[in-house]
>>> print(open('structure-v9.csv').read())   # CSV, C-alpha atoms and all ligand atoms
chain,number,residue,atom,x,y,z
A,286,MET,CA,-24.2,11.3,8.0
A,287,ALA,CA,-20.8,12.1,6.6
A,288,LEU,CA,-19.2,11.1,9.9
A,289,ASP,CA,-21.1,7.7,9.9
A,290,LEU,CA,-19.9,7.0,6.3
A,291,LYS,CA,-16.3,7.7,7.4
A,292,LYS,CA,-16.6,5.4,10.3
A,293,LEU,CA,-18.0,2.7,8.1
A,294,PHE,CA,-15.2,3.1,5.7
A,295,LEU,CA,-12.6,2.9,8.5
A,296,PHE,CA,-14.3,-0.1,9.9
A,297,CYS,CA,-14.3,-1.9,6.5
A,298,SER,CA,-10.7,-1.1,5.8
A,299,MET,CA,-9.6,-2.4,9.2
A,300,GLY,CA,-11.7,-5.5,8.6
A,301,ALA,CA,-9.9,-5.9,5.2
A,302,THR,CA,-6.6,-5.6,7.0
A,303,CYS,CA,-7.4,-8.9,8.9
A,304,PHE,CA,-7.5,-10.6,5.5
A,305,VAL,CA,-4.6,-9.1,3.8
A,306,GLN,CA,-2.1,-9.2,6.8
A,307,PRO,CA,-0.6,-12.5,5.6
A,308,LEU,CA,-0.1,-11.1,2.1
A,309,ASP,CA,1.7,-8.2,3.5
A,310,LEU,CA,4.0,-10.4,5.6
A,311,VAL,CA,4.8,-12.6,2.6
A,312,LYS,CA,5.5,-9.5,0.4
A,313,ASN,CA,7.9,-8.1,3.1
A,314,ARG,CA,9.7,-11.4,3.5
A,315,MET,CA,10.1,-11.6,-0.3
A,316,GLN,CA,11.5,-8.1,-0.5
A,317,LEU,CA,14.0,-8.8,2.3
A,318,SER,CA,15.0,-12.2,1.0
A,319,GLY,CA,18.5,-11.9,-0.3
A,320,VAL,CA,19.5,-9.4,2.4
A,321,GLY,CA,22.4,-10.7,4.4
A,322,ASP,CA,22.3,-14.5,4.0
A,323,SER,CA,21.7,-15.1,0.3
A,324,ALA,CA,21.0,-18.8,0.9
A,325,LYS,CA,17.7,-17.7,2.4
A,326,ALA,CA,16.5,-16.1,-0.8
A,327,TYR,CA,13.1,-17.4,-1.8
A,328,LYS,CA,12.4,-18.2,-5.5
A,329,THR,CA,8.6,-17.6,-5.4
A,330,SER,CA,6.0,-16.5,-2.8
A,331,PHE,CA,4.9,-20.1,-2.5
A,332,HIS,CA,8.3,-21.1,-1.3
A,333,ALA,CA,8.1,-18.3,1.2
A,334,ILE,CA,4.7,-19.3,2.5
A,335,LYS,CA,5.8,-23.0,2.8
A,336,ASP,CA,9.0,-22.0,4.6
A,337,ILE,CA,7.2,-19.6,7.0
A,338,VAL,CA,4.3,-21.9,7.8
A,339,GLY,CA,6.8,-24.9,8.2
A,340,LYS,CA,9.2,-23.1,10.5
A,341,GLU,CA,7.1,-20.6,12.4
A,342,GLY,CA,3.5,-21.9,12.1
A,343,VAL,CA,0.3,-20.6,10.6
A,344,ILE,CA,-0.3,-18.1,13.3
A,345,ALA,CA,3.1,-16.4,12.5
A,346,MET,CA,1.5,-15.3,9.2
A,347,TYR,CA,-0.5,-12.8,11.4
A,348,THR,CA,2.5,-11.3,13.1
A,349,GLY,CA,2.3,-7.6,13.1
A,350,LEU,CA,-1.5,-7.4,12.8
A,351,SER,CA,-1.6,-4.7,15.5
A,352,ALA,CA,0.7,-2.6,13.4
A,353,GLY,CA,-1.3,-3.3,10.3
A,354,LEU,CA,-4.5,-2.1,12.1
A,355,LEU,CA,-2.8,1.0,13.5
A,356,ARG,CA,-1.5,1.9,10.0
A,357,GLN,CA,-4.9,1.5,8.5
A,358,ALA,CA,-6.5,3.6,11.3
A,359,THR,CA,-3.9,6.5,11.1
A,360,TYR,CA,-3.6,6.5,7.3
A,361,THR,CA,-7.3,6.2,6.5
A,362,THR,CA,-8.4,8.7,9.1
A,363,THR,CA,-5.9,11.3,8.0
A,364,ARG,CA,-6.6,10.7,4.3
A,365,LEU,CA,-10.3,11.0,4.6
A,366,GLY,CA,-10.2,13.9,6.9
A,367,ILE,CA,-7.8,15.9,4.7
A,368,TYR,CA,-9.7,14.9,1.5
A,369,THR,CA,-13.1,16.1,2.9
A,370,TRP,CA,-11.6,19.3,4.1
A,371,LEU,CA,-9.9,20.1,0.8
A,372,PHE,CA,-13.0,19.0,-1.2
A,373,GLU,CA,-15.1,21.5,0.8
A,374,THR,CA,-12.5,24.2,0.4
A,375,CYS,CA,-12.4,23.7,-3.3
A,376,SER,CA,-16.2,23.6,-3.8
A,377,LYS,CA,-17.7,26.9,-5.0
A,378,ASP,CA,-21.4,27.7,-4.3
A,379,GLY,CA,-22.2,24.0,-3.7
A,380,GLN,CA,-20.5,23.0,-7.0
A,381,PRO,CA,-18.0,20.2,-6.5
A,382,PRO,CA,-14.5,20.5,-8.2
A,383,GLY,CA,-13.8,18.9,-11.5
A,384,PHE,CA,-12.3,15.5,-12.1
A,385,ALA,CA,-8.6,16.7,-12.4
A,386,VAL,CA,-8.9,18.8,-9.2
A,387,LYS,CA,-10.5,15.8,-7.4
A,388,ALA,CA,-7.6,13.6,-8.5
A,389,ALA,CA,-5.1,16.1,-7.3
A,390,LEU,CA,-6.8,16.4,-3.9
A,391,GLY,CA,-6.9,12.7,-3.6
A,392,MET,CA,-3.1,12.6,-4.2
A,393,VAL,CA,-2.4,15.3,-1.7
A,394,ALA,CA,-4.6,13.6,0.9
A,395,GLY,CA,-2.9,10.3,0.2
A,396,ILE,CA,0.6,11.7,0.7
A,397,ALA,CA,-0.4,13.4,4.0
A,398,GLY,CA,-2.0,10.1,5.2
A,399,ALA,CA,1.2,8.3,4.3
A,400,PHE,CA,3.3,10.7,6.4
A,401,VAL,CA,1.0,10.3,9.5
A,402,GLY,CA,1.0,6.5,8.9
A,403,THR,CA,4.8,6.1,8.7
A,404,PRO,CA,5.5,5.1,12.3
A,405,ALA,CA,3.0,2.3,12.2
A,406,GLU,CA,4.5,1.3,8.8
A,407,VAL,CA,8.0,1.1,10.4
A,408,ALA,CA,6.6,-1.1,13.2
A,409,LEU,CA,4.8,-3.2,10.6
A,410,ILE,CA,7.9,-3.8,8.5
A,411,ARG,CA,10.0,-4.7,11.5
A,412,MET,CA,7.4,-7.0,13.1
A,413,THR,CA,6.6,-8.9,10.0
A,414,SER,CA,10.3,-9.4,9.2
A,415,ASP,CA,11.5,-10.4,12.7
A,416,GLY,CA,10.8,-14.2,12.2
A,417,ARG,CA,13.4,-14.5,9.4
A,418,LEU,CA,16.3,-13.7,11.7
A,419,PRO,CA,18.1,-16.0,14.1
A,420,LEU,CA,16.8,-15.7,17.7
A,421,ALA,CA,19.7,-13.7,19.0
A,422,GLU,CA,19.3,-11.0,16.3
A,423,ARG,CA,15.5,-10.6,16.7
A,424,ARG,CA,13.9,-7.4,17.9
A,425,ASN,CA,11.1,-9.2,19.7
A,426,TYR,CA,8.6,-6.3,19.7
A,427,THR,CA,5.5,-7.6,21.5
A,428,GLY,CA,3.0,-5.4,19.7
A,429,VAL,CA,2.7,-2.1,17.8
A,430,PHE,CA,2.8,0.2,20.9
A,431,ASN,CA,5.7,-1.7,22.4
A,432,ALA,CA,7.5,-1.3,19.0
A,433,LEU,CA,6.8,2.5,18.9
A,434,VAL,CA,8.0,3.0,22.5
A,435,ARG,CA,11.2,0.9,22.0
A,436,ILE,CA,12.1,2.5,18.7
A,437,THR,CA,11.8,5.9,20.3
A,438,LYS,CA,13.9,4.9,23.3
A,439,GLU,CA,16.5,2.9,21.4
A,440,GLU,CA,16.9,4.8,18.2
A,441,GLY,CA,15.3,8.2,18.8
A,442,LEU,CA,11.9,9.7,17.8
A,443,LEU,CA,13.0,10.5,14.3
A,444,THR,CA,13.4,6.8,13.5
A,445,LEU,CA,9.6,6.5,13.6
A,446,TRP,CA,9.6,8.5,10.4
A,447,ARG,CA,12.4,6.5,8.7
A,448,GLY,CA,11.5,5.9,5.1
A,449,ALA,CA,8.8,8.6,5.2
A,450,LEU,CA,9.9,9.8,1.7
A,451,PRO,CA,9.5,6.5,-0.1
A,452,THR,CA,6.3,5.9,1.9
A,453,MET,CA,4.8,9.2,0.6
A,454,GLY,CA,6.4,8.5,-2.8
A,455,ARG,CA,4.6,5.2,-2.9
A,456,ALA,CA,1.2,6.8,-2.1
A,457,MET,CA,1.8,9.3,-4.9
A,458,VAL,CA,2.8,6.6,-7.4
A,459,VAL,CA,-0.2,4.4,-6.5
A,460,ASN,CA,-2.7,7.2,-6.8
A,461,ALA,CA,-1.3,8.5,-10.1
A,462,ALA,CA,-0.8,5.1,-11.7
A,463,GLN,CA,-4.2,3.9,-10.7
A,464,LEU,CA,-6.1,6.8,-12.2
A,465,ALA,CA,-4.0,7.2,-15.3
A,466,SER,CA,-3.8,3.5,-16.2
A,467,TYR,CA,-7.5,3.0,-15.5
A,468,SER,CA,-8.6,5.7,-18.0
A,469,GLN,CA,-6.2,4.5,-20.6
A,470,ALA,CA,-7.2,0.8,-20.2
A,471,LYS,CA,-10.9,1.8,-20.3
A,472,GLN,CA,-10.4,3.9,-23.5
A,473,PHE,CA,-8.5,1.0,-25.1
A,474,LEU,CA,-11.1,-1.6,-24.2
A,475,LEU,CA,-13.9,0.6,-25.6
A,476,SER,CA,-12.0,1.3,-28.7
A,477,THR,CA,-11.7,-2.4,-29.5
A,478,GLY,CA,-15.5,-2.4,-29.8
A,479,LEU,CA,-15.7,-5.7,-27.9
A,480,LEU,CA,-17.0,-4.2,-24.7
A,481,ASN,CA,-19.6,-1.6,-23.8
A,482,ASP,CA,-19.2,0.9,-21.0
A,483,ASN,CA,-20.6,-1.4,-18.3
A,484,ILE,CA,-19.5,-3.1,-15.1
A,485,GLY,CA,-17.7,-5.9,-17.2
A,486,CYS,CA,-15.6,-3.2,-18.9
A,487,HIS,CA,-14.9,-1.5,-15.6
A,488,PHE,CA,-13.8,-4.8,-14.1
A,489,ALA,CA,-11.4,-5.6,-16.9
A,490,ALA,CA,-10.0,-2.1,-16.9
A,491,SER,CA,-9.4,-2.1,-13.2
A,492,ILE,CA,-7.6,-5.5,-13.4
A,493,MET,CA,-5.2,-3.9,-16.0
A,494,SER,CA,-4.9,-0.8,-13.8
A,495,GLY,CA,-4.1,-3.0,-10.8
A,496,LEU,CA,-1.3,-4.7,-12.8
A,497,VAL,CA,0.2,-1.4,-13.9
A,498,THR,CA,0.0,0.1,-10.5
A,499,THR,CA,1.7,-2.9,-8.9
A,500,ALA,CA,4.5,-2.8,-11.4
A,501,ALA,CA,5.0,0.9,-11.0
A,502,SER,CA,4.9,1.1,-7.3
A,503,MET,CA,7.0,-2.0,-6.3
A,504,PRO,CA,10.5,-0.5,-6.8
A,505,VAL,CA,9.5,2.4,-4.5
A,506,ASP,CA,8.1,-0.2,-2.1
A,507,ILE,CA,11.2,-2.3,-1.9
A,508,ALA,CA,13.2,0.8,-1.1
A,509,LYS,CA,10.8,1.6,1.7
A,510,THR,CA,10.8,-1.9,3.1
A,511,ARG,CA,14.6,-2.2,3.3
A,512,ILE,CA,15.1,1.3,4.7
A,513,GLN,CA,12.6,0.8,7.4
A,514,ASN,CA,14.0,-2.6,8.3
A,515,MET,CA,17.7,-1.8,8.2
A,516,LYS,CA,19.9,-1.9,11.3
A,517,THR,CA,22.8,0.4,12.0
A,518,ILE,CA,26.0,-1.7,12.3
A,519,ASN,CA,29.0,0.0,13.9
A,520,GLY,CA,27.4,3.4,13.4
A,521,LYS,CA,26.9,2.8,9.7
A,522,PRO,CA,23.4,2.4,8.3
A,523,GLU,CA,23.0,-0.4,5.7
A,524,TYR,CA,21.6,2.0,3.1
A,525,THR,CA,21.9,5.8,2.7
A,526,GLY,CA,18.6,6.3,1.0
A,527,ALA,CA,16.1,5.0,-1.6
A,528,ILE,CA,18.5,5.4,-4.6
A,529,ASP,CA,21.1,3.5,-2.7
A,530,VAL,CA,18.7,0.6,-2.1
A,531,LEU,CA,17.7,0.5,-5.8
A,532,THR,CA,21.3,0.6,-7.0
A,533,LYS,CA,22.4,-2.2,-4.6
A,534,VAL,CA,19.4,-4.4,-5.4
A,535,VAL,CA,20.0,-4.1,-9.1
A,536,ARG,CA,23.7,-4.7,-8.8
A,537,ASN,CA,23.7,-7.5,-6.3
A,538,GLU,CA,20.4,-9.3,-6.9
A,539,GLY,CA,19.5,-8.4,-10.5
A,540,PHE,CA,17.1,-5.9,-12.1
A,541,PHE,CA,14.0,-8.0,-11.7
A,542,SER,CA,14.6,-8.3,-8.0
A,543,LEU,CA,13.0,-4.9,-7.7
A,544,TRP,CA,9.7,-6.7,-8.3
A,545,LYS,CA,10.2,-9.4,-5.6
A,546,GLY,CA,6.9,-10.1,-4.0
A,547,PHE,CA,4.8,-9.2,-7.0
A,548,THR,CA,2.2,-11.9,-6.4
A,549,PRO,CA,1.2,-11.1,-2.8
A,550,TYR,CA,1.4,-7.3,-3.6
A,551,PHE,CA,-0.9,-7.7,-6.6
A,552,ALA,CA,-3.2,-10.0,-4.6
A,553,ARG,CA,-3.6,-7.1,-2.2
A,554,LEU,CA,-3.7,-4.1,-4.6
A,555,GLY,CA,-5.7,-5.8,-7.4
A,556,PRO,CA,-9.0,-6.3,-5.5
A,557,HIS,CA,-8.5,-2.9,-3.9
A,558,THR,CA,-8.2,-1.2,-7.3
A,559,ILE,CA,-11.2,-3.2,-8.7
A,560,LEU,CA,-13.4,-2.2,-5.7
A,561,THR,CA,-12.3,1.4,-5.9
A,562,PHE,CA,-13.2,1.9,-9.5
A,563,ILE,CA,-16.4,-0.1,-9.6
A,564,PHE,CA,-17.5,1.8,-6.6
A,565,LEU,CA,-16.5,5.2,-8.2
A,566,GLU,CA,-18.2,4.3,-11.5
A,567,GLN,CA,-21.4,3.2,-9.8
A,568,MET,CA,-21.4,6.3,-7.5
A,569,THR,CA,-20.9,8.6,-10.5
A,570,ALA,CA,-23.6,6.9,-12.6
A,571,SER,CA,-26.2,7.0,-9.8
A,572,TYR,CA,-25.3,10.7,-9.1
A,573,ARG,CA,-25.9,11.5,-12.7
A,574,LEU,CA,-29.1,9.5,-12.9
A,575,TYR,CA,-30.8,10.5,-9.7
A,576,VAL,CA,-29.4,14.0,-9.1
A,577,LEU,CA,-28.9,15.3,-12.6
A,578,GLY,CA,-31.5,13.1,-14.3
A,579,ASN,CA,-29.1,12.2,-17.0
A,580,LYS,CA,-29.4,8.6,-18.4
A,581,ASP,CA,-26.2,8.8,-20.4
A,582,VAL,CA,-23.7,7.3,-17.9
A,583,ARG,CA,-20.7,7.2,-20.2
A,584,GLY,CA,-17.4,8.9,-19.9
A,585,SER,CA,-17.4,9.4,-16.1
A,586,LEU,CA,-13.7,8.5,-15.6
A,601,LIG,C1,15.0,-11.6,21.5
A,601,LIG,O1,14.8,-12.9,22.1
A,601,LIG,C2,15.9,-13.8,22.0
A,601,LIG,C3,15.5,-15.1,22.7
A,601,LIG,O2,14.2,-15.5,22.5
A,601,LIG,C4,17.1,-13.2,22.5
A,601,LIG,O3,18.2,-14.1,22.2
A,601,LIG,C5,17.4,-11.9,21.9
A,601,LIG,O4,18.5,-11.2,22.4
A,601,LIG,C6,16.2,-11.0,22.0
A,601,LIG,N1,16.4,-9.7,21.3
A,601,LIG,C7,16.4,-8.5,22.0
A,601,LIG,C8,16.7,-7.3,21.1
A,601,LIG,O5,16.2,-8.4,23.1
>>> encode(input="structure-v9.csv", output="structure tokens")
Amino acid sequence: MALDLKKLFLFCSMGATCFVQPLDLVKNRMQLSGVGDSAKAYKTSFHAIKDIVGKEGVIAMYTGLSAGLLRQATYTTTRLGIYTWLFETCSKDGQPPGFAVKAALGMVAGIAGAFVGTPAEVALIRMTSDGRLPLAERRNYTGVFNALVRITKEEGLLTLWRGALPTMGRAMVVNAAQLASYSQAKQFLLSTGLLNDNIGCHFAASIMSGLVTTAASMPVDIAKTRIQNMKTINGKPEYTGAIDVLTKVVRNEGFFSLWKGFTPYFARLGPHTILTFIFLEQMTASYRLYVLGNKDVRGSL
């Protein structure tokens, strides 16, 4: 039963990848615009979409889909596996752990998943960004496995984990920001007295949480994108680490450039946040109602 649920979840998240792949591509292009040739910097995501579709065609928006699917498969499988194992380890006499412990377990599982998913993530960044380069400078990976093999051969096995720290950092920030801002937003909405603790309130709170989470995680994400995409020129890498990326972006492109690609990132993370919390709230409410026989469903998160 548990296994079937996990498979279903994996199947759904891979299905969702087919919808969000173009958003990922646009976000990555936005985050890289301004690197090298500044004439190619996009003002907004709509300029980026127009330019990509015009120059490369609609199908190009799906470049890197194989990497997106492998990332989802490796990340989701690891995260769920580790979460289930930790959850069972921390349950005593059939009693599940409390909310704070569950949140911590979710974070640890997310970080572990991010580590395992990093090679697919490197392939994804490089495949989605290839089309912005002149033909002679492209990497021409034909698919995710070709990318993984070529990266290993050309740059060494360790390059597959390039940017692992910001990738894990992003997982941590997303998990923490989602949970913290959701509880805060919900408390605030309830305190205004305009909303009751129902699905409408959960929806509004999760939109606010999605916005906060996007804003909080984008600077980590731009560091990750640029590190994973960088080339080594004359033995010198473009960036020495995440702090170096952030300093250079702020200095050369302006403070708000850290949030380049906000629209496609939010379009991706927003619905994800909404579904996560509505699902969690509904699950908790039915658990209380049917298992504990408690009709008071308030204060679950
Ligand atoms: C990618 O293909 C283009 C021609 O389509 C070529 O000029 C370029 O050198 C290729 N890149 C690599 C790394 O082989």
>>> residues_near_point(input="structure-v9.csv", point="(3.6, 5.8, 2.0)", cutoff="7 Å", atoms="only C-alpha atoms", output="list in words")
Ile396, Ala399, Phe400, Thr403, Ala449, Pro451, Thr452, Met453, Gly454, Arg455 and Ala456 of chain A
>>> closest_residue(input="structure-v9.csv", among="A:Thr427, A:Asn481, A:Asn537, A:Gln380", to="ligand LIG 601 (chain A)", atoms="only C-alpha atoms and all ligand atoms")
A:Thr427
>>> residues_near_ligand(input="structure-v9.csv", ligand="ligand LIG 601 (chain A)", cutoff="9 Å", atoms="all atoms listed in the file", output="VMD selection string")
chain A and resid 419 to 426
>>> write_last_selection(input="structure-v9.csv", atoms="C-alpha atoms", output="PDB file, in the frame of the given file")
ATOM      1  CA  PRO A 419      18.100 -16.000  14.100  1.00  0.00           C
ATOM      2  CA  LEU A 420      16.800 -15.700  17.700  1.00  0.00           C
ATOM      3  CA  ALA A 421      19.700 -13.700  19.000  1.00  0.00           C
ATOM      4  CA  GLU A 422      19.300 -11.000  16.300  1.00  0.00           C
ATOM      5  CA  ARG A 423      15.500 -10.600  16.700  1.00  0.00           C
ATOM      6  CA  ARG A 424      13.900  -7.400  17.900  1.00  0.00           C
ATOM      7  CA  ASN A 425      11.100  -9.200  19.700  1.00  0.00           C
ATOM      8  CA  TYR A 426       8.600  -6.300  19.700  1.00  0.00           C
TER       9      TYR A 426
END
>>> residues_around(input="structure-v9.csv", residues="segment 291-308 of chain A", least_positions_apart="5", cutoff="10 Å", atoms="all atoms listed in the file", output="short mmCIF file (atom, residue, chain, number, x, y, z; two decimals) with C-alpha atoms, in the coordinates of the input")
data_model
loop_
_atom_site.label_atom_id
_atom_site.label_comp_id
_atom_site.auth_asym_id
_atom_site.auth_seq_id
_atom_site.Cartn_x
_atom_site.Cartn_y
_atom_site.Cartn_z
CA MET A 286 -24.20 11.30 8.00
CA ASN A 313 7.90 -8.10 3.10
CA ARG A 314 9.70 -11.40 3.50
CA SER A 330 6.00 -16.50 -2.80
CA ILE A 334 4.70 -19.30 2.50
CA VAL A 343 0.30 -20.60 10.60
CA ILE A 344 -0.30 -18.10 13.30
CA ALA A 345 3.10 -16.40 12.50
CA MET A 346 1.50 -15.30 9.20
CA TYR A 347 -0.50 -12.80 11.40
CA THR A 348 2.50 -11.30 13.10
CA GLY A 349 2.30 -7.60 13.10
CA LEU A 350 -1.50 -7.40 12.80
CA SER A 351 -1.60 -4.70 15.50
CA ALA A 352 0.70 -2.60 13.40
CA GLY A 353 -1.30 -3.30 10.30
CA LEU A 354 -4.50 -2.10 12.10
CA LEU A 355 -2.80 1.00 13.50
CA ARG A 356 -1.50 1.90 10.00
CA GLN A 357 -4.90 1.50 8.50
CA ALA A 358 -6.50 3.60 11.30
CA THR A 359 -3.90 6.50 11.10
CA TYR A 360 -3.60 6.50 7.30
CA THR A 361 -7.30 6.20 6.50
CA THR A 362 -8.40 8.70 9.10
CA LEU A 365 -10.30 11.00 4.60
CA GLY A 366 -10.20 13.90 6.90
CA LEU A 409 4.80 -3.20 10.60
CA THR A 413 6.60 -8.90 10.00
CA GLY A 546 6.90 -10.10 -4.00
CA THR A 548 2.20 -11.90 -6.40
CA PRO A 549 1.20 -11.10 -2.80
CA TYR A 550 1.40 -7.30 -3.60
CA PHE A 551 -0.90 -7.70 -6.60
CA ALA A 552 -3.20 -10.00 -4.60
CA ARG A 553 -3.60 -7.10 -2.20
CA LEU A 554 -3.70 -4.10 -4.60
CA HIS A 557 -8.50 -2.90 -3.90
#
>>> closest_residue(input="structure-v9.csv", among="A:Gly428, A:Leu445, A:Glu440, A:Thr532", to="Gly520 of chain A", atoms="all atoms listed in the file")
A:Glu440
>>> atom_distance(input="structure-v9.csv", atom1="atom CA of Leu480 of chain A", atom2="atom CA of Tyr575 of chain A")
25.1 Å
>>> residues_around(input="structure-v9.csv", residues="Trp446 of chain A", least_positions_apart="3", cutoff="9 Å", atoms="only C-alpha atoms", output="mmCIF file with C-alpha atoms, in the frame of the given file")
data_model
loop_
_atom_site.group_PDB
_atom_site.id
_atom_site.type_symbol
_atom_site.label_atom_id
_atom_site.label_comp_id
_atom_site.auth_asym_id
_atom_site.auth_seq_id
_atom_site.Cartn_x
_atom_site.Cartn_y
_atom_site.Cartn_z
ATOM 1 C CA PHE A 400 3.300 10.700 6.400
ATOM 2 C CA VAL A 401 1.000 10.300 9.500
ATOM 3 C CA GLY A 402 1.000 6.500 8.900
ATOM 4 C CA THR A 403 4.800 6.100 8.700
ATOM 5 C CA PRO A 404 5.500 5.100 12.300
ATOM 6 C CA GLU A 406 4.500 1.300 8.800
ATOM 7 C CA VAL A 407 8.000 1.100 10.400
ATOM 8 C CA LEU A 442 11.900 9.700 17.800
ATOM 9 C CA LEU A 443 13.000 10.500 14.300
ATOM 10 C CA ALA A 449 8.800 8.600 5.200
ATOM 11 C CA LEU A 450 9.900 9.800 1.700
ATOM 12 C CA GLN A 513 12.600 0.800 7.400
#
>>> atom_distance(input="structure-v9.csv", atom1="atom CA of Ile367 of chain A", atom2="atom CA of Ala389 of chain A")
12.3 Å
>>> atom_distance(input="structure-v9.csv", atom1="atom CA of Gly441 of chain A", atom2="atom CA of Lys509 of chain A")
18.9 Å
>>> residues_around(input="structure-v9.csv", residues="Val535 of chain A", least_positions_apart="5", cutoff="12 Å", atoms="only C-alpha atoms", output="ChimeraX atom specification")
/A:319,504,507-508,528-530,540-545
>>> residues_around(input="structure-v9.csv", residues="Val458 of chain A", least_positions_apart="4", cutoff="8 Å", atoms="only C-alpha atoms", output="PyMOL selection string")
chain A and resi 454+462+498+501-502
>>> residues_around(input="structure-v9.csv", residues="Met515 of chain A", least_positions_apart="4", cutoff="9 Å", atoms="only C-alpha atoms", output="list in words")
Arg411, Thr510, Arg511, Pro522, Glu523 and Tyr524 of chain A
>>> closest_residue(input="structure-v9.csv", among="A:Asn514, A:Phe372, A:Gly416, A:Glu566", to="Ser468 of chain A", atoms="all atoms listed in the file")
A:Glu566
>>> closest_residue(input="structure-v9.csv", among="A:Arg364, A:Lys521, A:Arg573, A:Lys328", to="Leu390 of chain A", atoms="all atoms listed in the file")
A:Arg364
>>> closest_residue(input="structure-v9.csv", among="A:Met412, A:Asp378, A:Leu371, A:Asn483", to="Ala394 of chain A", atoms="all atoms listed in the file")
A:Leu371
>>> closest_residue(input="structure-v9.csv", among="A:Gln316, A:Thr499, A:Thr517, A:Gln463", to="Phe562 of chain A", atoms="all atoms listed in the file")
A:Gln463
>>> build_atoms(input="structure-v9.csv", residues="segment 489-500 of chain A", atoms="N, CA, C and O atoms", output="compact mmCIF listing (two decimals), in the frame of the given file")
# COMPACT_ATOMS: atom_id res chain seq x y z
N ALA A 489 -12.61 -5.28 -16.14
CA ALA A 489 -11.40 -5.60 -16.90
C ALA A 489 -10.39 -4.45 -16.86
O ALA A 489 -9.19 -4.68 -16.68
N ALA A 490 -10.89 -3.21 -16.97
CA ALA A 490 -10.00 -2.10 -16.90
C ALA A 490 -9.31 -1.95 -15.58
O ALA A 490 -8.12 -1.60 -15.50
N SER A 491 -10.05 -2.27 -14.51
CA SER A 491 -9.40 -2.10 -13.20
C SER A 491 -8.40 -3.23 -12.94
O SER A 491 -7.42 -2.99 -12.23
N ILE A 492 -8.59 -4.42 -13.53
CA ILE A 492 -7.60 -5.50 -13.40
C ILE A 492 -6.27 -4.98 -14.08
O ILE A 492 -5.17 -5.08 -13.53
N MET A 493 -6.42 -4.41 -15.29
CA MET A 493 -5.20 -3.90 -16.00
C MET A 493 -4.59 -2.79 -15.19
O MET A 493 -3.36 -2.74 -15.06
N SER A 494 -5.41 -1.92 -14.63
CA SER A 494 -4.90 -0.80 -13.80
C SER A 494 -4.15 -1.37 -12.59
O SER A 494 -3.09 -0.87 -12.21
N GLY A 495 -4.71 -2.42 -11.98
CA GLY A 495 -4.10 -3.00 -10.80
C GLY A 495 -2.68 -3.56 -11.15
O GLY A 495 -1.72 -3.39 -10.38
N LEU A 496 -2.57 -4.21 -12.32
CA LEU A 496 -1.30 -4.70 -12.80
C LEU A 496 -0.25 -3.63 -12.96
O LEU A 496 0.89 -3.71 -12.49
N VAL A 497 -0.68 -2.57 -13.67
CA VAL A 497 0.20 -1.40 -13.90
C VAL A 497 0.64 -0.78 -12.63
O VAL A 497 1.82 -0.46 -12.42
N THR A 498 -0.33 -0.56 -11.74
CA THR A 498 0.00 0.10 -10.50
C THR A 498 0.93 -0.73 -9.63
O THR A 498 1.86 -0.19 -9.03
N THR A 499 0.74 -2.04 -9.60
CA THR A 499 1.70 -2.90 -8.90
C THR A 499 3.06 -2.78 -9.43
O THR A 499 4.03 -2.57 -8.70
N ALA A 500 3.17 -2.90 -10.76
CA ALA A 500 4.50 -2.80 -11.40
C ALA A 500 5.16 -1.50 -11.14
O ALA A 500 6.36 -1.43 -10.85
